[in-house]
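With mmCIF, C-alpha atoms inside, this is structure38.cif:
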```cif
data_query
#
loop_
_atom_site.label_atom_id
_atom_site.label_comp_id
_atom_site.auth_asym_id
_atom_site.auth_seq_id
_atom_site.Cartn_x
_atom_site.Cartn_y
_atom_site.Cartn_z
CA MET J 298 9.82 -10.04 -60.38
CA PHE J 299 9.71 -10.87 -56.64
CA THR J 300 10.97 -14.19 -55.60
CA TYR J 301 10.48 -16.15 -52.41
CA LYS J 302 14.10 -15.51 -51.47
CA PHE J 303 13.60 -11.73 -51.75
CA VAL J 304 10.38 -11.77 -49.68
CA SER J 305 11.98 -14.07 -47.12
CA ASN J 306 15.03 -11.81 -46.79
CA VAL J 307 12.85 -8.71 -46.35
CA PHE J 308 10.23 -10.04 -43.89
CA LYS J 309 12.09 -12.69 -41.92
CA PRO J 310 14.05 -10.14 -39.81
CA LEU J 311 10.75 -8.44 -38.88
CA LEU J 312 8.99 -11.61 -37.76
CA LYS J 313 10.72 -12.06 -34.39
CA PRO J 314 10.29 -8.43 -33.16
CA VAL J 315 6.62 -8.38 -34.20
CA LEU J 316 5.89 -11.67 -32.43
CA THR J 317 7.79 -10.51 -29.34
CA ALA J 318 5.78 -7.28 -29.22
CA LEU J 319 2.50 -9.19 -29.46
CA ILE J 320 3.52 -11.52 -26.64
CA VAL J 321 4.55 -8.58 -24.44
CA LEU J 322 1.26 -6.76 -25.09
CA ALA J 323 -0.79 -9.86 -24.32
CA SER J 324 1.12 -10.63 -21.12
CA ALA J 325 0.77 -7.02 -19.94
CA ASN J 326 -3.00 -7.34 -20.31
CA VAL J 327 -3.07 -4.45 -22.74
CA LEU J 328 -5.08 -6.63 -25.06
CA SER J 329 -8.15 -8.01 -23.32
CA ALA J 330 -10.35 -10.84 -24.48
CA ASP J 331 -13.01 -8.48 -25.80
CA ASN J 332 -10.55 -5.79 -26.97
CA ILE J 333 -11.80 -3.40 -24.31
CA PRO J 334 -9.01 -1.94 -22.18
CA ASP J 335 -9.20 -2.55 -18.45
CA VAL J 336 -10.83 0.19 -16.44
CA VAL J 337 -8.93 1.26 -13.33
CA GLY J 338 -10.29 3.81 -10.89
CA GLU J 339 -13.67 5.30 -10.14
CA ILE J 340 -16.35 4.90 -12.82
CA SER J 341 -20.06 5.66 -12.92
CA GLY J 342 -22.60 2.91 -13.34
CA GLU J 343 -23.72 4.45 -16.61
CA ALA J 344 -20.19 4.53 -18.02
CA LEU J 345 -19.49 0.97 -16.89
CA LEU J 346 -22.62 -0.35 -18.60
CA ALA J 347 -21.97 1.69 -21.74
CA GLN J 348 -18.33 0.61 -22.09
CA HIS J 349 -18.61 -3.06 -21.16
CA PRO J 350 -21.19 -5.12 -23.07
CA ALA J 351 -20.99 -8.12 -20.69
CA PHE J 352 -22.04 -5.87 -17.80
CA MET J 353 -24.88 -4.38 -19.86
CA ASP J 354 -26.09 -7.83 -20.94
CA GLU J 355 -26.33 -8.99 -17.31
CA TYR J 356 -28.02 -5.72 -16.31
CA LYS J 357 -30.68 -6.14 -19.01
CA SER J 358 -31.38 -9.81 -18.30
CA TYR J 359 -31.45 -9.69 -14.49
CA GLN J 360 -34.82 -9.45 -12.73
CA PRO J 361 -34.45 -8.67 -9.01
CA SER J 362 -36.97 -10.22 -6.64
CA ASP J 363 -39.33 -8.17 -4.48
CA ALA J 364 -37.26 -9.15 -1.42
CA GLU J 365 -34.07 -7.83 -3.06
CA ILE J 366 -35.75 -4.56 -3.99
CA GLU J 367 -37.19 -4.20 -0.48
CA ALA J 368 -33.76 -4.81 1.07
CA VAL J 369 -32.42 -1.64 -0.57
CA SER J 370 -34.37 0.53 1.86
CA ALA J 371 -32.26 -0.78 4.77
CA LEU J 372 -29.16 0.64 3.08
CA GLU J 373 -30.47 4.15 2.64
CA ASP J 374 -28.22 5.79 5.25
CA ASP J 375 -25.09 3.77 4.48
CA THR J 376 -22.28 4.09 1.97
CA LEU J 377 -21.19 1.31 -0.32
CA LEU J 378 -17.73 0.94 -1.87
CA ILE J 379 -17.72 -1.55 -4.72
CA LEU J 380 -14.27 -2.83 -5.68
CA PHE J 381 -14.43 -4.83 -8.89
CA GLY J 382 -12.58 -5.86 -12.01
CA ALA J 383 -13.98 -5.08 -15.45
CA TRP J 384 -12.17 -8.28 -16.50
CA CYS J 385 -13.69 -10.43 -13.71
CA HIS J 386 -16.56 -12.83 -14.44
CA ASP J 387 -17.88 -12.56 -10.85
CA SER J 388 -17.92 -8.77 -11.22
CA GLU J 389 -19.71 -9.09 -14.56
CA ARG J 390 -22.44 -11.01 -12.75
CA GLU J 391 -22.76 -9.23 -9.39
CA VAL J 392 -22.16 -5.53 -10.16
CA PRO J 393 -24.86 -5.20 -12.85
CA ARG J 394 -27.30 -7.13 -10.65
CA LEU J 395 -26.78 -4.63 -7.85
CA LEU J 396 -27.13 -1.67 -10.22
CA LYS J 397 -30.37 -3.13 -11.62
CA THR J 398 -31.77 -3.76 -8.12
CA LEU J 399 -30.91 -0.22 -7.01
CA ASP J 400 -32.53 1.19 -10.15
CA ALA J 401 -35.63 -1.01 -9.79
CA SER J 402 -36.14 0.01 -6.16
CA GLY J 403 -37.08 3.58 -6.99
CA LEU J 404 -35.94 4.42 -3.46
CA ASN J 405 -33.20 6.65 -2.19
CA VAL J 406 -30.30 4.30 -2.62
CA PRO J 407 -27.14 4.22 -0.61
CA GLN J 408 -24.34 6.45 -1.73
CA PHE J 409 -22.04 4.14 -3.63
CA THR J 410 -18.75 4.28 -5.45
CA LEU J 411 -17.76 1.89 -8.20
CA PHE J 412 -14.00 1.47 -8.17
CA ALA J 413 -12.27 -0.77 -10.71
CA VAL J 414 -8.95 -2.47 -10.06
CA ASP J 415 -6.47 -4.02 -12.46
CA ARG J 416 -5.87 -7.74 -12.86
CA LYS J 417 -3.41 -7.68 -9.96
CA LYS J 418 -6.22 -6.24 -7.81
CA SER J 419 -4.42 -2.97 -7.33
CA ASP J 420 -4.78 0.63 -8.43
CA PRO J 421 -2.57 3.73 -8.54
CA GLU J 422 -4.57 5.44 -5.77
CA GLY J 423 -4.06 2.56 -3.31
CA ILE J 424 -7.78 2.09 -2.62
CA ALA J 425 -7.59 -1.69 -3.03
CA GLU J 426 -4.64 -1.93 -0.65
CA LYS J 427 -6.28 0.40 1.88
CA HIS J 428 -9.31 -1.91 2.00
CA ALA J 429 -7.29 -5.16 1.93
CA LEU J 430 -8.87 -6.32 -1.33
CA LYS J 431 -8.31 -10.02 -2.00
CA TYR J 432 -11.16 -11.03 -4.33
CA THR J 433 -13.40 -9.26 -6.80
CA PRO J 434 -15.98 -8.05 -6.53
CA THR J 435 -15.97 -6.89 -2.93
CA PHE J 436 -18.90 -4.81 -1.67
CA ILE J 437 -17.91 -2.85 1.44
CA LEU J 438 -20.76 -1.44 3.49
CA MET J 439 -19.77 1.63 5.51
CA ARG J 440 -21.48 3.74 8.12
CA ASP J 441 -20.06 7.04 9.31
CA GLY J 442 -16.84 6.31 7.41
CA GLU J 443 -16.27 2.94 9.12
CA GLU J 444 -16.65 -0.48 7.52
CA ILE J 445 -19.52 -2.44 9.04
CA GLY J 446 -19.21 -5.46 6.78
CA ARG J 447 -18.52 -6.77 3.32
CA VAL J 448 -19.79 -9.24 0.76
CA VAL J 449 -17.03 -10.87 -1.25
CA GLU J 450 -17.43 -12.41 -4.72
CA ARG J 451 -20.87 -13.97 -4.36
CA ALA J 452 -23.76 -13.31 -2.01
CA GLU J 453 -25.20 -16.06 0.18
CA THR J 454 -28.85 -15.05 -0.25
CA SER J 455 -28.83 -12.07 -2.58
CA LEU J 456 -26.47 -9.15 -2.56
CA THR J 457 -28.94 -6.59 -1.25
CA GLN J 458 -30.32 -9.02 1.35
CA ASP J 459 -26.81 -9.88 2.56
CA LEU J 460 -26.00 -6.16 2.78
CA GLN J 461 -29.29 -5.58 4.62
CA ALA J 462 -28.27 -8.24 7.17
CA LEU J 463 -24.91 -6.53 7.67
CA ALA J 464 -26.64 -3.19 8.18
CA ALA J 465 -29.06 -4.70 10.71
CA ALA J 466 -26.22 -6.41 12.61
CA ALA J 467 -24.46 -3.05 12.96
CA GLU J 468 -27.51 -1.37 14.55
#
```
In structure tokens, write the structure found in this file.
Amino acid sequence: MFTYKFVSNVFKPLLKPVLTALIVLASANVLSADNIPDVVGEISGEALLAQHPAFMDEYKSYQPSDAEIEAVSALEDDTLLILFGAWCHDSEREVPRLLKTLDASGLNVPQFTLFAVDRKKSDPEGIAEKHALKYTPTFILMRDGEEIGRVVERAETSLTQDLQALAAAAE
């Protein structure tokens, strides 16, 4: 028959290492709030929406205005680098809204790259550092390989309209 003393003697030595391991995993951000590991590096819009329910929920619920959809045409010849965090609430709001607006436009959209960073806003390839990333998301509008402007965290009007203004200012 098992007694409390026997169970205590067997499991008590294991308690501290198990708790320590859980604390280390949580502090290293290996365990995220929704049990989805952080994405770091380039990812397609389709993969992002498929792997991250919060992004998909925002994509489905967002309805871009006619002005936002029209603004996409001004970006046709530009390139867009989107630096974001899959863990970031601002990214969960802004990135799916942009994807939905681009999809709704039915136009030739700018060439864009979605690039996820870790919680320290860095990545092994050094893309975040190269572009002096401070806040997520950051939408960098480029023309002929040169940055012509950026929208950081939240747009003033709408993301596509703010990007349209940057494109027009660079003309």
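Between Asp400 in chain J and the residues J:Leu456, J:Ala466, J:Ile366, J:Gln348, the shortest atom-to-atom distance, using only C-alpha atoms, involves J:Ile366.
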From the set J:Ala383, J:Leu460, J:Val414, J:Ile437, which residue has the shortest atom-to-atom contact distance to Glu367 in chain J, counting only C-alpha atoms?
J:Leu460
Which residues would end up in the selection if the PyMOL selection byres ((chain J and resi 428-433) around 12) were applied here, given that I need the answer as JSON, numbers by chain?
{"J": [378, 379, 380, 381, 382, 383, 384, 385, 386, 387, 388, 389, 390, 391, 392, 412, 413, 414, 415, 416, 417, 418, 419, 420, 422, 423, 424, 425, 426, 427, 434, 435, 436, 437, 438, 439, 443, 444, 446, 447, 448, 449, 450, 451]}
Quick one: residues within 12 Å of Asp375 in chain J, all atoms listed in the file counted, chain neighbours fewer than 4 positions away excluded, as a count of residues only?
26
Could you pull the residues within 8 Å of Phe352 in chain J, counting all atoms listed in the file, minus those fewer than 2 positions along the same chain, as a VMD selection string?
chain J and resid 345 to 346 349 to 350 354 to 356 389 to 390 392 to 393
Between CA of Leu377 in chain J and CA of Leu396 in chain J, measure the distance and give it in Å to one decimal.
11.9 Å
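Here CA of Arg394 in chain J and CA of Pro361 in chain J stand 7.5 Å from one another.
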What separates CA of Ile340 in chain J and CA of Leu395 in chain J is a distance of 15.0 Å
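Remark: for Ser362 in chain J, the closest of the candidate residues J:Asp374, J:Ala347, J:Val336, J:Thr454 is J:Thr454 (distances computed over all atoms listed in the file).
For the choices J:Thr398, J:Thr376, J:Val337, J:Glu453, the atom-to-atom distance to Asp363 in chain J is smallest for J:Thr398 when using all atoms listed in the file.
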Assuming the input is short of atoms at range 367-378 of chain J, produce all heavy atoms for that part as a PDB file, keeping the file's coordinate frame.
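Final file, part-v6.pdb:
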```
ATOM      1  N   GLU J 367     -36.829  -4.683  -1.811  1.00  0.00           N
ATOM      2  CA  GLU J 367     -37.190  -4.200  -0.480  1.00  0.00           C
ATOM      3  C   GLU J 367     -35.962  -4.010   0.409  1.00  0.00           C
ATOM      4  O   GLU J 367     -35.896  -3.081   1.218  1.00  0.00           O
ATOM      5  CB  GLU J 367     -38.166  -5.174   0.178  1.00  0.00           C
ATOM      6  CG  GLU J 367     -38.707  -4.690   1.501  1.00  0.00           C
ATOM      7  CD  GLU J 367     -39.701  -5.677   2.100  1.00  0.00           C
ATOM      8  OE1 GLU J 367     -40.560  -6.175   1.353  1.00  0.00           O
ATOM      9  OE2 GLU J 367     -39.584  -5.938   3.309  1.00  0.00           O
ATOM     10  N   ALA J 368     -34.974  -4.867   0.243  1.00  0.00           N
ATOM     11  CA  ALA J 368     -33.760  -4.810   1.070  1.00  0.00           C
ATOM     12  C   ALA J 368     -32.977  -3.519   0.865  1.00  0.00           C
ATOM     13  O   ALA J 368     -32.243  -3.088   1.756  1.00  0.00           O
ATOM     14  CB  ALA J 368     -32.877  -6.021   0.788  1.00  0.00           C
ATOM     15  N   VAL J 369     -33.146  -2.884  -0.274  1.00  0.00           N
ATOM     16  CA  VAL J 369     -32.420  -1.640  -0.570  1.00  0.00           C
ATOM     17  C   VAL J 369     -32.736  -0.559   0.450  1.00  0.00           C
ATOM     18  O   VAL J 369     -31.866   0.216   0.840  1.00  0.00           O
ATOM     19  CB  VAL J 369     -32.731  -1.157  -2.021  1.00  0.00           C
ATOM     20  CG1 VAL J 369     -32.181   0.234  -2.267  1.00  0.00           C
ATOM     21  CG2 VAL J 369     -32.188  -2.143  -3.040  1.00  0.00           C
ATOM     22  N   SER J 370     -33.976  -0.538   0.919  1.00  0.00           N
ATOM     23  CA  SER J 370     -34.370   0.530   1.860  1.00  0.00           C
ATOM     24  C   SER J 370     -33.550   0.489   3.149  1.00  0.00           C
ATOM     25  O   SER J 370     -33.347   1.524   3.770  1.00  0.00           O
ATOM     26  CB  SER J 370     -35.861   0.444   2.171  1.00  0.00           C
ATOM     27  OG  SER J 370     -36.162  -0.771   2.845  1.00  0.00           O
ATOM     28  N   ALA J 371     -33.066  -0.676   3.540  1.00  0.00           N
ATOM     29  CA  ALA J 371     -32.260  -0.780   4.770  1.00  0.00           C
ATOM     30  C   ALA J 371     -30.878  -0.165   4.592  1.00  0.00           C
ATOM     31  O   ALA J 371     -30.175   0.063   5.569  1.00  0.00           O
ATOM     32  CB  ALA J 371     -32.116  -2.251   5.167  1.00  0.00           C
ATOM     33  N   LEU J 372     -30.501   0.118   3.366  1.00  0.00           N
ATOM     34  CA  LEU J 372     -29.160   0.640   3.080  1.00  0.00           C
ATOM     35  C   LEU J 372     -29.139   2.142   2.866  1.00  0.00           C
ATOM     36  O   LEU J 372     -28.084   2.720   2.607  1.00  0.00           O
ATOM     37  CB  LEU J 372     -28.598  -0.058   1.830  1.00  0.00           C
ATOM     38  CG  LEU J 372     -28.652  -1.578   1.822  1.00  0.00           C
ATOM     39  CD1 LEU J 372     -28.181  -2.118   0.483  1.00  0.00           C
ATOM     40  CD2 LEU J 372     -27.848  -2.155   2.961  1.00  0.00           C
ATOM     41  N   GLU J 373     -30.281   2.745   2.983  1.00  0.00           N
ATOM     42  CA  GLU J 373     -30.470   4.150   2.640  1.00  0.00           C
ATOM     43  C   GLU J 373     -29.471   5.110   3.288  1.00  0.00           C
ATOM     44  O   GLU J 373     -29.012   6.050   2.661  1.00  0.00           O
ATOM     45  CB  GLU J 373     -31.891   4.550   3.008  1.00  0.00           C
ATOM     46  CG  GLU J 373     -32.415   5.747   2.322  1.00  0.00           C
ATOM     47  CD  GLU J 373     -33.916   5.878   2.549  1.00  0.00           C
ATOM     48  OE1 GLU J 373     -34.362   5.745   3.712  1.00  0.00           O
ATOM     49  OE2 GLU J 373     -34.614   6.112   1.571  1.00  0.00           O
ATOM     50  N   ASP J 374     -29.101   4.868   4.529  1.00  0.00           N
ATOM     51  CA  ASP J 374     -28.220   5.790   5.250  1.00  0.00           C
ATOM     52  C   ASP J 374     -26.751   5.374   5.210  1.00  0.00           C
ATOM     53  O   ASP J 374     -25.913   6.010   5.841  1.00  0.00           O
ATOM     54  CB  ASP J 374     -28.672   5.920   6.708  1.00  0.00           C
ATOM     55  CG  ASP J 374     -30.058   6.522   6.802  1.00  0.00           C
ATOM     56  OD1 ASP J 374     -30.392   7.391   5.972  1.00  0.00           O
ATOM     57  OD2 ASP J 374     -30.826   6.100   7.696  1.00  0.00           O
ATOM     58  N   ASP J 375     -26.454   4.292   4.516  1.00  0.00           N
ATOM     59  CA  ASP J 375     -25.090   3.770   4.480  1.00  0.00           C
ATOM     60  C   ASP J 375     -24.393   4.126   3.172  1.00  0.00           C
ATOM     61  O   ASP J 375     -25.007   4.626   2.238  1.00  0.00           O
ATOM     62  CB  ASP J 375     -25.107   2.248   4.665  1.00  0.00           C
ATOM     63  CG  ASP J 375     -25.659   1.852   6.034  1.00  0.00           C
ATOM     64  OD1 ASP J 375     -25.339   2.533   7.024  1.00  0.00           O
ATOM     65  OD2 ASP J 375     -26.415   0.873   6.097  1.00  0.00           O
ATOM     66  N   THR J 376     -23.111   3.873   3.156  1.00  0.00           N
ATOM     67  CA  THR J 376     -22.280   4.090   1.970  1.00  0.00           C
ATOM     68  C   THR J 376     -21.755   2.742   1.521  1.00  0.00           C
ATOM     69  O   THR J 376     -21.444   1.883   2.342  1.00  0.00           O
ATOM     70  CB  THR J 376     -21.097   5.024   2.322  1.00  0.00           C
ATOM     71  OG1 THR J 376     -21.613   6.249   2.844  1.00  0.00           O
ATOM     72  CG2 THR J 376     -20.255   5.321   1.100  1.00  0.00           C
ATOM     73  N   LEU J 377     -21.649   2.573   0.228  1.00  0.00           N
ATOM     74  CA  LEU J 377     -21.190   1.310  -0.320  1.00  0.00           C
ATOM     75  C   LEU J 377     -20.003   1.571  -1.254  1.00  0.00           C
ATOM     76  O   LEU J 377     -20.090   2.391  -2.166  1.00  0.00           O
ATOM     77  CB  LEU J 377     -22.336   0.672  -1.102  1.00  0.00           C
ATOM     78  CG  LEU J 377     -22.231  -0.764  -1.554  1.00  0.00           C
ATOM     79  CD1 LEU J 377     -21.964  -1.699  -0.392  1.00  0.00           C
ATOM     80  CD2 LEU J 377     -23.509  -1.178  -2.260  1.00  0.00           C
ATOM     81  N   LEU J 378     -18.895   0.894  -0.991  1.00  0.00           N
ATOM     82  CA  LEU J 378     -17.730   0.940  -1.870  1.00  0.00           C
ATOM     83  C   LEU J 378     -17.682  -0.390  -2.592  1.00  0.00           C
ATOM     84  O   LEU J 378     -17.622  -1.445  -1.957  1.00  0.00           O
ATOM     85  CB  LEU J 378     -16.441   1.163  -1.072  1.00  0.00           C
ATOM     86  CG  LEU J 378     -15.131   1.077  -1.878  1.00  0.00           C
ATOM     87  CD1 LEU J 378     -15.071   2.135  -2.979  1.00  0.00           C
ATOM     88  CD2 LEU J 378     -13.931   1.195  -0.944  1.00  0.00           C
TER      89      LEU J 378
END
```
